[in-house]
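One file, start36.txt, carrying compact mmCIF, C-alpha atoms:
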```txt
# COMPACT_ATOMS: atom_id res chain seq x y z
CA MET A 1 73.60 137.77 -9.25
CA GLU A 2 76.52 139.89 -7.96
CA ALA A 3 76.75 139.88 -4.14
CA GLY A 4 75.07 142.86 -2.60
CA TRP A 5 72.96 143.69 -5.71
CA ALA A 6 69.35 144.12 -4.67
CA GLY A 7 66.21 145.96 -5.63
CA ALA A 8 64.01 146.16 -8.71
CA GLY A 9 66.96 145.98 -11.13
CA ALA A 10 68.22 142.79 -9.56
CA ASP A 11 64.75 141.24 -9.65
CA ALA A 12 64.34 142.15 -13.32
CA ALA A 13 67.74 140.68 -14.14
CA ALA A 14 66.86 137.48 -12.29
CA ASP A 15 63.55 137.21 -14.17
CA PHE A 16 65.34 137.78 -17.48
CA ALA A 17 67.90 135.09 -16.69
CA ALA A 18 65.18 132.60 -15.74
CA SER A 19 63.13 133.38 -18.87
CA THR A 20 66.19 132.99 -21.04
CA SER A 21 67.00 129.67 -19.42
CA ARG A 22 63.45 128.42 -20.02
CA ALA A 23 63.54 129.59 -23.65
CA ILE A 24 66.81 127.75 -24.21
CA GLY A 25 65.31 124.64 -22.67
CA ASP A 26 62.17 124.90 -24.81
CA ALA A 27 64.26 125.42 -27.93
CA ALA A 28 66.32 122.36 -27.13
CA GLN A 29 63.15 120.32 -26.63
CA ARG A 30 61.72 121.53 -29.95
CA ALA A 31 64.99 120.72 -31.69
CA SER A 32 64.91 117.22 -30.22
CA THR A 33 61.27 116.73 -31.33
CA LEU A 34 62.05 118.03 -34.81
CA GLY A 35 64.98 115.68 -35.05
CA VAL A 36 62.85 112.68 -34.10
CA ALA A 37 60.10 113.73 -36.53
CA ALA A 38 62.61 114.13 -39.35
CA GLU A 39 64.11 110.72 -38.64
CA ASP A 40 60.66 109.11 -38.55
CA ALA A 41 59.67 110.82 -41.82
CA ALA A 42 62.88 109.72 -43.53
CA ALA A 43 62.33 106.17 -42.34
CA ALA A 44 58.74 106.20 -43.64
CA VAL A 45 59.92 107.40 -47.06
CA ALA A 46 62.59 104.69 -47.15
CA ARG A 47 60.04 102.00 -46.28
CA ALA A 48 57.63 103.27 -48.91
CA HIS A 49 60.41 103.32 -51.50
CA GLN A 50 61.25 99.70 -50.72
CA ARG A 51 57.61 98.65 -50.98
CA LEU A 52 57.11 100.52 -54.25
CA GLN A 53 60.26 98.97 -55.70
CA ALA A 54 59.01 95.53 -54.71
CA ILE A 55 55.70 96.21 -56.47
CA VAL A 56 57.53 97.35 -59.62
CA ASP A 57 59.86 94.35 -59.55
CA GLU A 58 56.99 91.94 -59.12
CA PHE A 59 55.02 93.46 -61.99
CA GLU A 60 58.06 93.56 -64.28
CA ALA A 61 58.70 89.90 -63.58
CA LYS A 62 55.07 89.08 -64.35
CA ALA A 63 55.15 91.14 -67.57
CA THR A 64 58.41 89.53 -68.67
CA ALA A 65 56.96 86.07 -68.17
CA LEU A 66 53.74 86.88 -70.05
CA GLU A 67 55.21 88.93 -72.91
CA PRO A 68 56.07 85.93 -75.16
CA HIS A 69 52.47 84.71 -74.84
CA LEU A 70 50.51 87.93 -75.43
CA ASP A 71 48.92 86.51 -78.56
CA SER A 72 47.43 83.62 -76.58
CA PRO A 73 43.80 83.96 -75.42
CA GLY A 74 43.43 85.53 -72.01
CA VAL A 75 47.10 86.47 -71.54
CA ALA A 76 46.64 90.16 -72.32
CA ARG A 77 43.73 90.26 -69.85
CA GLU A 78 45.93 88.57 -67.22
CA LEU A 79 48.61 91.21 -67.73
CA LEU A 80 45.96 93.94 -67.54
CA THR A 81 44.76 92.56 -64.20
CA ALA A 82 48.33 92.42 -62.91
CA ALA A 83 48.87 96.05 -63.94
CA ARG A 84 45.65 97.16 -62.20
CA ASN A 85 46.61 95.31 -59.03
CA ALA A 86 50.12 96.75 -59.05
CA LEU A 87 48.77 100.27 -59.50
CA ALA A 88 46.24 99.83 -56.70
CA ASP A 89 48.98 98.50 -54.39
CA ALA A 90 51.25 101.43 -55.26
CA ILE A 91 48.52 103.97 -54.59
CA ARG A 92 47.84 102.38 -51.19
CA VAL A 93 51.54 102.65 -50.30
CA VAL A 94 51.66 106.31 -51.27
CA GLU A 95 48.44 107.11 -49.39
CA GLU A 96 49.84 105.42 -46.26
CA LEU A 97 53.05 107.39 -46.66
CA GLN A 98 51.12 110.63 -47.02
CA GLY A 99 49.23 109.85 -43.82
CA GLU A 100 52.50 109.23 -41.97
CA LEU A 101 54.10 112.43 -43.32
CA ASP A 102 51.00 114.42 -42.42
CA ARG A 103 51.24 113.03 -38.89
CA GLN A 104 54.89 114.08 -38.65
CA ALA A 105 54.00 117.51 -40.01
CA ARG A 106 51.44 117.92 -37.23
CA VAL A 107 54.11 116.99 -34.69
CA VAL A 108 56.39 119.66 -36.12
CA ASP A 109 53.59 122.24 -36.18
CA ALA A 110 52.76 121.46 -32.56
CA THR A 111 56.32 122.37 -31.52
CA SER A 112 56.11 125.83 -33.09
CA PRO A 113 55.72 128.68 -30.56
CA GLY A 114 52.10 129.78 -30.31
CA ALA A 115 50.84 126.82 -32.36
CA ALA A 116 47.08 126.35 -32.11
CA PRO A 117 45.71 122.91 -31.22
CA ALA A 118 44.83 120.80 -34.20
CA THR A 119 41.13 120.49 -34.93
CA THR A 120 39.31 117.45 -36.20
CA VAL A 121 36.02 116.99 -38.00
CA PRO A 122 33.94 113.98 -36.91
CA ALA A 123 33.01 111.67 -39.77
CA SER A 124 29.37 112.12 -38.84
CA SER A 125 29.61 115.82 -39.68
CA VAL A 126 30.50 115.26 -43.35
CA PRO A 127 27.42 116.37 -45.29
CA ALA A 128 25.64 113.70 -47.30
CA SER A 129 24.86 116.37 -49.89
CA ALA A 130 28.46 116.12 -51.07
CA ALA A 131 27.72 112.77 -52.75
CA GLY A 132 29.01 112.63 -56.27
CA TYR A 133 32.05 114.72 -55.35
CA GLY A 134 34.75 114.01 -52.80
CA PRO A 135 34.32 113.34 -49.07
CA GLY A 136 33.07 116.49 -47.39
CA GLY A 137 32.89 118.22 -50.74
CA ALA A 138 36.64 117.97 -51.33
CA ALA A 139 37.97 118.37 -54.81
CA PRO A 140 38.09 115.14 -56.84
CA GLY A 141 41.22 113.17 -56.19
CA ALA A 142 42.19 115.32 -53.21
CA GLY A 143 43.05 112.24 -51.18
CA LEU A 144 46.23 111.72 -53.21
CA GLY A 145 47.46 115.30 -53.16
CA GLY A 146 48.54 117.73 -50.51
CA ALA A 147 51.70 118.91 -48.88
CA GLY A 148 54.27 116.51 -47.54
CA MET A 149 54.46 114.22 -50.57
CA PRO A 150 58.13 113.48 -51.28
CA ALA A 151 59.38 114.54 -54.69
CA GLY A 152 61.48 111.41 -54.87
CA LEU A 153 58.39 109.29 -55.41
CA GLY A 154 57.94 110.39 -58.98
CA GLY A 155 54.96 112.66 -58.44
CA PHE A 156 52.57 110.17 -56.88
CA GLY A 157 51.06 113.08 -54.95
CA ASP A 158 49.79 114.52 -58.26
CA THR A 159 46.48 113.07 -59.35
CA GLY A 160 47.50 113.78 -62.92
CA ALA A 161 50.44 111.43 -62.49
CA VAL A 162 48.15 108.78 -61.05
CA GLY A 163 45.87 109.16 -64.06
CA GLU A 164 48.82 108.73 -66.40
CA MET A 165 49.82 105.57 -64.57
CA ALA A 166 46.30 104.26 -64.78
CA ALA A 167 46.29 104.78 -68.53
CA PHE A 168 49.09 102.25 -68.86
CA THR A 169 47.41 98.92 -68.47
CA ARG A 170 48.57 97.09 -71.59
CA PRO A 171 51.98 96.83 -73.25
CA ASP A 172 50.65 98.60 -76.37
CA GLY A 173 49.57 101.62 -74.32
CA THR A 174 45.80 101.27 -74.94
CA GLU A 175 43.32 102.22 -72.25
CA VAL A 176 41.91 99.91 -69.60
CA ALA A 177 39.53 98.24 -72.02
CA ASP A 178 38.87 98.72 -75.71
CA ALA A 179 35.71 100.73 -76.34
CA ALA A 180 35.67 99.38 -79.89
CA GLU A 181 34.64 96.02 -78.44
CA PHE A 182 31.23 97.58 -77.82
CA GLY A 183 30.40 98.55 -81.39
CA GLU A 184 30.95 101.50 -83.71
CA GLY A 185 29.08 104.46 -85.14
CA VAL A 186 25.70 104.77 -83.45
CA ALA A 187 25.55 101.05 -82.68
CA VAL A 188 26.34 99.87 -79.15
CA ARG A 189 26.92 96.21 -78.39
CA LEU A 190 26.01 95.47 -74.78
CA PRO A 191 27.95 92.82 -72.80
CA ASP A 192 25.27 90.18 -73.47
CA GLY A 193 25.55 90.76 -77.22
CA THR A 194 22.41 92.85 -77.59
CA VAL A 195 22.88 95.69 -80.08
CA VAL A 196 21.15 99.03 -79.39
CA THR A 197 21.17 102.33 -81.26
CA ALA A 198 22.19 105.67 -79.76
CA PRO A 199 20.80 109.01 -81.03
CA ASN A 200 24.22 110.06 -82.34
CA PRO A 201 27.88 108.91 -82.47
CA VAL A 202 28.91 111.01 -79.46
CA ALA A 203 26.30 109.42 -77.20
CA ALA A 204 27.20 105.97 -78.54
CA ASP A 205 30.90 106.57 -77.88
CA ALA A 206 30.16 107.74 -74.33
CA VAL A 207 28.18 104.57 -73.65
CA ARG A 208 30.94 102.39 -75.09
CA HIS A 209 33.55 104.04 -72.88
CA ALA A 210 31.33 103.77 -69.80
CA LEU A 211 30.93 100.04 -70.48
CA THR A 212 34.71 99.60 -70.42
CA GLN A 213 34.60 100.48 -66.70
CA LEU A 214 32.29 97.65 -65.63
CA GLY A 215 33.78 96.06 -62.53
CA VAL A 216 35.95 99.06 -61.58
CA PRO A 217 35.71 99.81 -57.83
CA TYR A 218 33.65 102.71 -56.53
CA GLN A 219 35.75 105.51 -55.05
CA TRP A 220 34.16 108.59 -53.54
CA GLY A 221 35.53 111.52 -55.52
CA GLY A 222 37.18 109.07 -57.93
CA THR A 223 37.92 110.18 -61.48
CA THR A 224 40.56 107.64 -62.52
CA PRO A 225 39.36 105.04 -65.04
CA GLY A 226 40.39 101.51 -64.25
CA VAL A 227 41.22 102.41 -60.65
CA GLY A 228 38.29 104.11 -58.93
CA LEU A 229 35.28 106.19 -60.02
CA ASP A 230 32.28 107.79 -58.41
CA CYS A 231 28.97 108.24 -60.22
CA SER A 232 29.65 111.62 -61.79
CA GLY A 233 33.29 110.76 -62.37
CA LEU A 234 32.19 107.85 -64.55
CA THR A 235 29.73 109.83 -66.68
CA GLN A 236 32.01 112.86 -66.96
CA TRP A 237 34.96 110.72 -68.06
CA ALA A 238 32.90 108.70 -70.57
CA TYR A 239 31.53 111.83 -72.25
CA GLN A 240 34.93 113.50 -72.14
CA GLU A 241 36.37 110.53 -74.04
CA ALA A 242 33.56 111.00 -76.56
CA GLY A 243 34.48 114.67 -76.96
CA LEU A 244 31.83 116.35 -74.79
CA GLY A 245 32.53 118.08 -71.50
CA LEU A 246 30.18 117.68 -68.52
CA PRO A 247 30.15 119.39 -65.11
CA ARG A 248 31.82 117.48 -62.28
CA LEU A 249 28.92 117.28 -59.83
CA ALA A 250 26.13 114.75 -60.37
CA GLN A 251 23.32 117.23 -59.79
CA GLU A 252 24.84 119.61 -62.35
CA GLN A 253 24.86 117.06 -65.17
CA ASP A 254 21.25 117.82 -66.08
CA VAL A 255 22.46 119.44 -69.29
CA GLY A 256 21.21 119.33 -72.86
CA ALA A 257 17.53 118.49 -73.34
CA SER A 258 15.08 116.92 -70.93
CA VAL A 259 13.82 113.53 -72.10
CA ALA A 260 10.61 111.72 -71.16
CA GLY A 261 11.06 108.43 -69.36
CA ASN A 262 9.45 106.49 -72.19
CA ALA A 263 11.78 108.06 -74.76
CA VAL A 264 15.22 107.50 -73.26
CA LEU A 265 18.03 106.36 -75.54
CA PRO A 266 21.61 105.16 -74.97
CA GLY A 267 23.74 107.98 -73.62
CA ASP A 268 20.91 109.76 -71.78
CA LEU A 269 21.60 110.54 -68.14
CA ALA A 270 19.36 109.80 -65.17
CA VAL A 271 20.11 112.64 -62.74
CA TRP A 272 19.31 112.88 -59.03
CA ASP A 273 20.38 115.58 -56.61
CA GLY A 274 23.23 113.36 -55.47
CA HIS A 275 23.63 110.64 -58.10
CA VAL A 276 23.81 110.14 -61.86
CA ALA A 277 23.69 107.10 -64.14
CA MET A 278 23.92 106.59 -67.90
CA VAL A 279 21.27 104.81 -69.95
CA VAL A 280 22.86 102.13 -72.15
CA GLY A 281 19.70 100.70 -73.73
CA ASP A 282 17.62 97.53 -73.45
CA GLY A 283 16.13 98.84 -70.18
CA LEU A 284 19.52 99.15 -68.51
CA MET A 285 21.83 101.87 -67.27
CA VAL A 286 25.46 101.84 -66.15
CA GLU A 287 26.33 103.46 -62.84
CA ALA A 288 29.14 103.60 -60.31
CA GLY A 289 27.83 101.32 -57.64
CA ASP A 290 30.49 99.24 -55.97
CA PRO A 291 31.75 98.27 -58.44
CA VAL A 292 30.60 99.98 -61.67
CA LYS A 293 27.65 97.87 -62.85
CA LEU A 294 24.58 97.59 -65.03
CA SER A 295 21.22 98.19 -63.36
CA PRO A 296 17.61 98.39 -64.54
CA ILE A 297 16.55 101.95 -65.40
CA ARG A 298 14.86 103.60 -62.39
CA THR A 299 13.82 107.00 -61.09
CA VAL A 300 14.34 106.43 -57.36
CA ASN A 301 17.64 106.42 -55.53
CA ALA A 302 17.88 106.32 -51.74
CA GLY A 303 15.28 109.05 -51.29
CA GLN A 304 17.15 111.59 -53.41
CA GLY A 305 15.25 114.06 -55.56
CA PHE A 306 15.02 112.93 -59.20
CA GLN A 307 15.87 115.69 -61.66
CA GLY A 308 14.81 113.70 -64.70
CA PHE A 309 16.39 112.13 -67.77
CA TRP A 310 18.70 114.35 -69.82
CA ARG A 311 20.32 114.08 -73.23
CA PRO A 312 23.66 115.96 -73.09
CA THR A 313 24.12 115.75 -76.86
CA ALA A 314 20.82 117.47 -77.73
```
Output the structure of this file as structure tokens.
Amino acid sequence: MEAGWAGAGADAAADFAASTSRAIGDAAQRASTLGVAAEDAAAAVARAHQRLQAIVDEFEAKATALEPHLDSPGVARELLTAARNALADAIRVVEELQGELDRQARVVDATSPGAAPATTVPASSVPASAAGYGPGGAAPGAGLGGAGMPAGLGGFGDTGAVGEMAAFTRPDGTEVADAAEFGEGVAVRLPDGTVVTAPNPVAADAVRHALTQLGVPYQWGGTTPGVGLDCSGLTQWAYQEAGLGLPRLAQEQDVGASVAGNAVLPGDLAVWDGHVAMVVGDGLMVEAGDPVKLSPIRTVNAGQGFQGFWRPTA
């Protein structure tokens, strides 16, 4: 301050100068933090790009080697497995990248003036009643979406894009497995060769599509065939492929007509308040365990309330 200047004005000027100096220092610190976060995010994207390119290159090499032999027994199935594995690896890379970008976003948010502390939700607080949907009741597929996904990754953050990728599992563009392998019309051929009869073609087609997913991993909130499905995701997808829409939540799939336990037919649904399975016939039902599997028909499921058997096509 100028020599000889004293009093309230001088004190106010001194306070202003000190506050300004602190603000400049804080701004410089935030700029430095933002720069580091940006560099870390760019590096994470570059690493993910390299890993994704390696996955693509490896699959292309495998496909090129197998292409001349696709007519040989088992070769198409081998290529299908390679495609599934490549897709699963790619999804893992993108999910890891999203986690890293989310972390960097939190760092940036924390540097903003007046930013509130981040809150967390303990895993133990996620309600069990959300079973059949996503973790904590999140929308299906939410784990692959969200802000921070780089546009340069070809839309991996969009669950629709993931579904489109999953649909490509054979060079001819057919779905994960051929539902026609399990019969036609109202006839359903089970994996052991047993032939059962559904009440109508729609129910039969739903059962055939559900059977194509045997062995697919369980994924909470999963709706992507060939990659990951939860219980209601499996039944909803199978009936959608057959031309009939079902609600997303397991406990809401008690649609159509109620069916007595001794009168169930292929395509009927066994519905609990947190689980659903599809009757396939011969005393069996298909359900998204881990993985999707055939199980004996039952009415109990981990203490959940049983809402009965339902025929969506009635």
Please list as a PDB file with C-alpha atoms, in the frame of the given file every residue within 10 Å of stretch 60-71 of chain A, counting all atoms listed in the file and excluding residues in the same chain fewer than 3 positions away.
```
ATOM      1  CA  ALA A  54      59.010  95.530 -54.710  1.00  0.00           C
ATOM      2  CA  ILE A  55      55.700  96.210 -56.470  1.00  0.00           C
ATOM      3  CA  VAL A  56      57.530  97.350 -59.620  1.00  0.00           C
ATOM      4  CA  ASP A  57      59.860  94.350 -59.550  1.00  0.00           C
ATOM      5  CA  GLY A  74      43.430  85.530 -72.010  1.00  0.00           C
ATOM      6  CA  VAL A  75      47.100  86.470 -71.540  1.00  0.00           C
ATOM      7  CA  ALA A  76      46.640  90.160 -72.320  1.00  0.00           C
ATOM      8  CA  ARG A  77      43.730  90.260 -69.850  1.00  0.00           C
ATOM      9  CA  GLU A  78      45.930  88.570 -67.220  1.00  0.00           C
ATOM     10  CA  LEU A  79      48.610  91.210 -67.730  1.00  0.00           C
ATOM     11  CA  LEU A  80      45.960  93.940 -67.540  1.00  0.00           C
ATOM     12  CA  ALA A  82      48.330  92.420 -62.910  1.00  0.00           C
ATOM     13  CA  ALA A  83      48.870  96.050 -63.940  1.00  0.00           C
ATOM     14  CA  ARG A 170      48.570  97.090 -71.590  1.00  0.00           C
ATOM     15  CA  PRO A 171      51.980  96.830 -73.250  1.00  0.00           C
TER      16      PRO A 171
END
```
Need the neighbours of (26.4, 99.3, -85.6): which residues are at most 10 Å away, counting all atoms listed in the file, as a tab-separated table (two decimals) with C-alpha atoms, keeping the file's coordinate frame?
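Written out: point.tsv:
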```tsv
chain	number	residue	atom	x	y	z
A	182	PHE	CA	31.23	97.58	-77.82
A	183	GLY	CA	30.40	98.55	-81.39
A	184	GLU	CA	30.95	101.50	-83.71
A	185	GLY	CA	29.08	104.46	-85.14
A	186	VAL	CA	25.70	104.77	-83.45
A	187	ALA	CA	25.55	101.05	-82.68
A	188	VAL	CA	26.34	99.87	-79.15
A	189	ARG	CA	26.92	96.21	-78.39
A	195	VAL	CA	22.88	95.69	-80.08
A	196	VAL	CA	21.15	99.03	-79.39
A	197	THR	CA	21.17	102.33	-81.26
A	198	ALA	CA	22.19	105.67	-79.76
A	204	ALA	CA	27.20	105.97	-78.54
```
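The space between atom CA of A:Gln53 and atom CA of A:Glu95 spans 15.7 Å.
If you look at atom CA of A:Ser72 and atom CA of A:Asn85, they are 21.1 Å away from each other.
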*To one decimal place, how far is atom CA of A:Ala210 from atom CA of A:Gly222 in Å?*
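Interatomic distance here is 14.3 Å.
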Neighbour list for stretch 44-52 of chain A as a short mmCIF file (atom, residue, chain, number, x, y, z; two decimals) with C-alpha atoms, keeping the file's coordinate frame, cut-off 8 Å, all atoms listed in the file, skip fewer than 2 positions in-chain:
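Contents of selection-v9.cif, freshly written:
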```cif
data_model
loop_
_atom_site.label_atom_id
_atom_site.label_comp_id
_atom_site.auth_asym_id
_atom_site.auth_seq_id
_atom_site.Cartn_x
_atom_site.Cartn_y
_atom_site.Cartn_z
CA ASP A 40 60.66 109.11 -38.55
CA ALA A 41 59.67 110.82 -41.82
CA ALA A 42 62.88 109.72 -43.53
CA ALA A 54 59.01 95.53 -54.71
CA ILE A 55 55.70 96.21 -56.47
CA VAL A 56 57.53 97.35 -59.62
CA ALA A 90 51.25 101.43 -55.26
CA VAL A 93 51.54 102.65 -50.30
CA VAL A 94 51.66 106.31 -51.27
CA LEU A 97 53.05 107.39 -46.66
CA GLU A 100 52.50 109.23 -41.97
CA LEU A 101 54.10 112.43 -43.32
CA PRO A 150 58.13 113.48 -51.28
CA LEU A 153 58.39 109.29 -55.41
#
```
*Would you please work out which residue, of A:Asp273, A:Val259, A:Gly305, A:Pro312, is nearest to A:Gly245 when using only C-alpha atoms?*
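Among the listed residues, the smallest separation from A:Gly245 belongs to A:Pro312.
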Reconstructed all heavy atoms for stretch 243-253 of chain A, given as a PDB file, in the frame of the given file:
```pdb
ATOM      1  N   GLY A 243      34.300 113.322 -76.436  1.00  0.00           N
ATOM      2  CA  GLY A 243      34.480 114.670 -76.960  1.00  0.00           C
ATOM      3  C   GLY A 243      33.528 115.716 -76.427  1.00  0.00           C
ATOM      4  O   GLY A 243      33.456 116.820 -76.967  1.00  0.00           O
ATOM      5  N   LEU A 244      32.790 115.400 -75.356  1.00  0.00           N
ATOM      6  CA  LEU A 244      31.830 116.350 -74.790  1.00  0.00           C
ATOM      7  C   LEU A 244      32.100 116.544 -73.309  1.00  0.00           C
ATOM      8  O   LEU A 244      32.147 115.572 -72.549  1.00  0.00           O
ATOM      9  CB  LEU A 244      30.398 115.852 -74.999  1.00  0.00           C
ATOM     10  CG  LEU A 244      29.269 116.721 -74.445  1.00  0.00           C
ATOM     11  CD1 LEU A 244      29.246 118.075 -75.154  1.00  0.00           C
ATOM     12  CD2 LEU A 244      27.922 116.025 -74.590  1.00  0.00           C
ATOM     13  N   GLY A 245      32.273 117.796 -72.902  1.00  0.00           N
ATOM     14  CA  GLY A 245      32.530 118.080 -71.500  1.00  0.00           C
ATOM     15  C   GLY A 245      31.256 118.149 -70.679  1.00  0.00           C
ATOM     16  O   GLY A 245      30.244 118.682 -71.138  1.00  0.00           O
ATOM     17  N   LEU A 246      31.303 117.605 -69.460  1.00  0.00           N
ATOM     18  CA  LEU A 246      30.180 117.680 -68.520  1.00  0.00           C
ATOM     19  C   LEU A 246      30.667 118.285 -67.213  1.00  0.00           C
ATOM     20  O   LEU A 246      31.848 118.174 -66.875  1.00  0.00           O
ATOM     21  CB  LEU A 246      29.624 116.274 -68.232  1.00  0.00           C
ATOM     22  CG  LEU A 246      28.874 115.542 -69.333  1.00  0.00           C
ATOM     23  CD1 LEU A 246      28.384 114.189 -68.804  1.00  0.00           C
ATOM     24  CD2 LEU A 246      27.701 116.355 -69.844  1.00  0.00           C
ATOM     25  N   PRO A 247      29.762 118.912 -66.436  1.00  0.00           N
ATOM     26  CA  PRO A 247      30.150 119.390 -65.110  1.00  0.00           C
ATOM     27  C   PRO A 247      30.575 118.225 -64.220  1.00  0.00           C
ATOM     28  O   PRO A 247      30.236 117.071 -64.473  1.00  0.00           O
ATOM     29  CB  PRO A 247      28.859 120.049 -64.580  1.00  0.00           C
ATOM     30  CG  PRO A 247      28.069 120.370 -65.815  1.00  0.00           C
ATOM     31  CD  PRO A 247      28.378 119.273 -66.787  1.00  0.00           C
ATOM     32  N   ARG A 248      31.301 118.529 -63.165  1.00  0.00           N
ATOM     33  CA  ARG A 248      31.820 117.480 -62.280  1.00  0.00           C
ATOM     34  C   ARG A 248      30.748 116.910 -61.352  1.00  0.00           C
ATOM     35  O   ARG A 248      30.719 115.702 -61.116  1.00  0.00           O
ATOM     36  CB  ARG A 248      32.982 118.050 -61.454  1.00  0.00           C
ATOM     37  CG  ARG A 248      33.553 117.073 -60.428  1.00  0.00           C
ATOM     38  CD  ARG A 248      34.187 115.858 -61.082  1.00  0.00           C
ATOM     39  NE  ARG A 248      34.666 114.913 -60.081  1.00  0.00           N
ATOM     40  CZ  ARG A 248      33.978 113.885 -59.623  1.00  0.00           C
ATOM     41  NH1 ARG A 248      32.740 113.660 -60.066  1.00  0.00           N
ATOM     42  NH2 ARG A 248      34.486 113.071 -58.722  1.00  0.00           N
ATOM     43  N   LEU A 249      29.892 117.750 -60.810  1.00  0.00           N
ATOM     44  CA  LEU A 249      28.920 117.280 -59.830  1.00  0.00           C
ATOM     45  C   LEU A 249      27.741 116.575 -60.480  1.00  0.00           C
ATOM     46  O   LEU A 249      27.261 116.998 -61.540  1.00  0.00           O
ATOM     47  CB  LEU A 249      28.408 118.434 -58.978  1.00  0.00           C
ATOM     48  CG  LEU A 249      29.433 119.124 -58.068  1.00  0.00           C
ATOM     49  CD1 LEU A 249      28.773 120.261 -57.316  1.00  0.00           C
ATOM     50  CD2 LEU A 249      30.046 118.128 -57.103  1.00  0.00           C
ATOM     51  N   ALA A 250      27.248 115.525 -59.834  1.00  0.00           N
ATOM     52  CA  ALA A 250      26.130 114.750 -60.370  1.00  0.00           C
ATOM     53  C   ALA A 250      24.921 115.629 -60.646  1.00  0.00           C
ATOM     54  O   ALA A 250      24.329 115.579 -61.730  1.00  0.00           O
ATOM     55  CB  ALA A 250      25.768 113.625 -59.393  1.00  0.00           C
ATOM     56  N   GLN A 251      24.546 116.439 -59.654  1.00  0.00           N
ATOM     57  CA  GLN A 251      23.320 117.230 -59.790  1.00  0.00           C
ATOM     58  C   GLN A 251      23.438 118.334 -60.835  1.00  0.00           C
ATOM     59  O   GLN A 251      22.431 118.957 -61.202  1.00  0.00           O
ATOM     60  CB  GLN A 251      22.922 117.828 -58.436  1.00  0.00           C
ATOM     61  CG  GLN A 251      23.967 118.716 -57.797  1.00  0.00           C
ATOM     62  CD  GLN A 251      24.877 117.938 -56.865  1.00  0.00           C
ATOM     63  OE1 GLN A 251      25.132 116.760 -57.065  1.00  0.00           O
ATOM     64  NE2 GLN A 251      25.349 118.599 -55.826  1.00  0.00           N
ATOM     65  N   GLU A 252      24.648 118.581 -61.328  1.00  0.00           N
ATOM     66  CA  GLU A 252      24.840 119.610 -62.350  1.00  0.00           C
ATOM     67  C   GLU A 252      24.927 119.018 -63.764  1.00  0.00           C
ATOM     68  O   GLU A 252      25.128 119.758 -64.725  1.00  0.00           O
ATOM     69  CB  GLU A 252      26.097 120.409 -62.044  1.00  0.00           C
ATOM     70  CG  GLU A 252      26.005 121.222 -60.765  1.00  0.00           C
ATOM     71  CD  GLU A 252      27.281 121.980 -60.458  1.00  0.00           C
ATOM     72  OE1 GLU A 252      28.291 121.782 -61.185  1.00  0.00           O
ATOM     73  OE2 GLU A 252      27.296 122.761 -59.485  1.00  0.00           O
ATOM     74  N   GLN A 253      24.769 117.694 -63.861  1.00  0.00           N
ATOM     75  CA  GLN A 253      24.860 117.060 -65.170  1.00  0.00           C
ATOM     76  C   GLN A 253      23.501 116.967 -65.869  1.00  0.00           C
ATOM     77  O   GLN A 253      23.334 116.220 -66.837  1.00  0.00           O
ATOM     78  CB  GLN A 253      25.521 115.686 -65.051  1.00  0.00           C
ATOM     79  CG  GLN A 253      26.993 115.782 -64.674  1.00  0.00           C
ATOM     80  CD  GLN A 253      27.723 114.450 -64.706  1.00  0.00           C
ATOM     81  OE1 GLN A 253      27.164 113.415 -65.068  1.00  0.00           O
ATOM     82  NE2 GLN A 253      28.988 114.456 -64.325  1.00  0.00           N
TER      83      GLN A 253
END
```
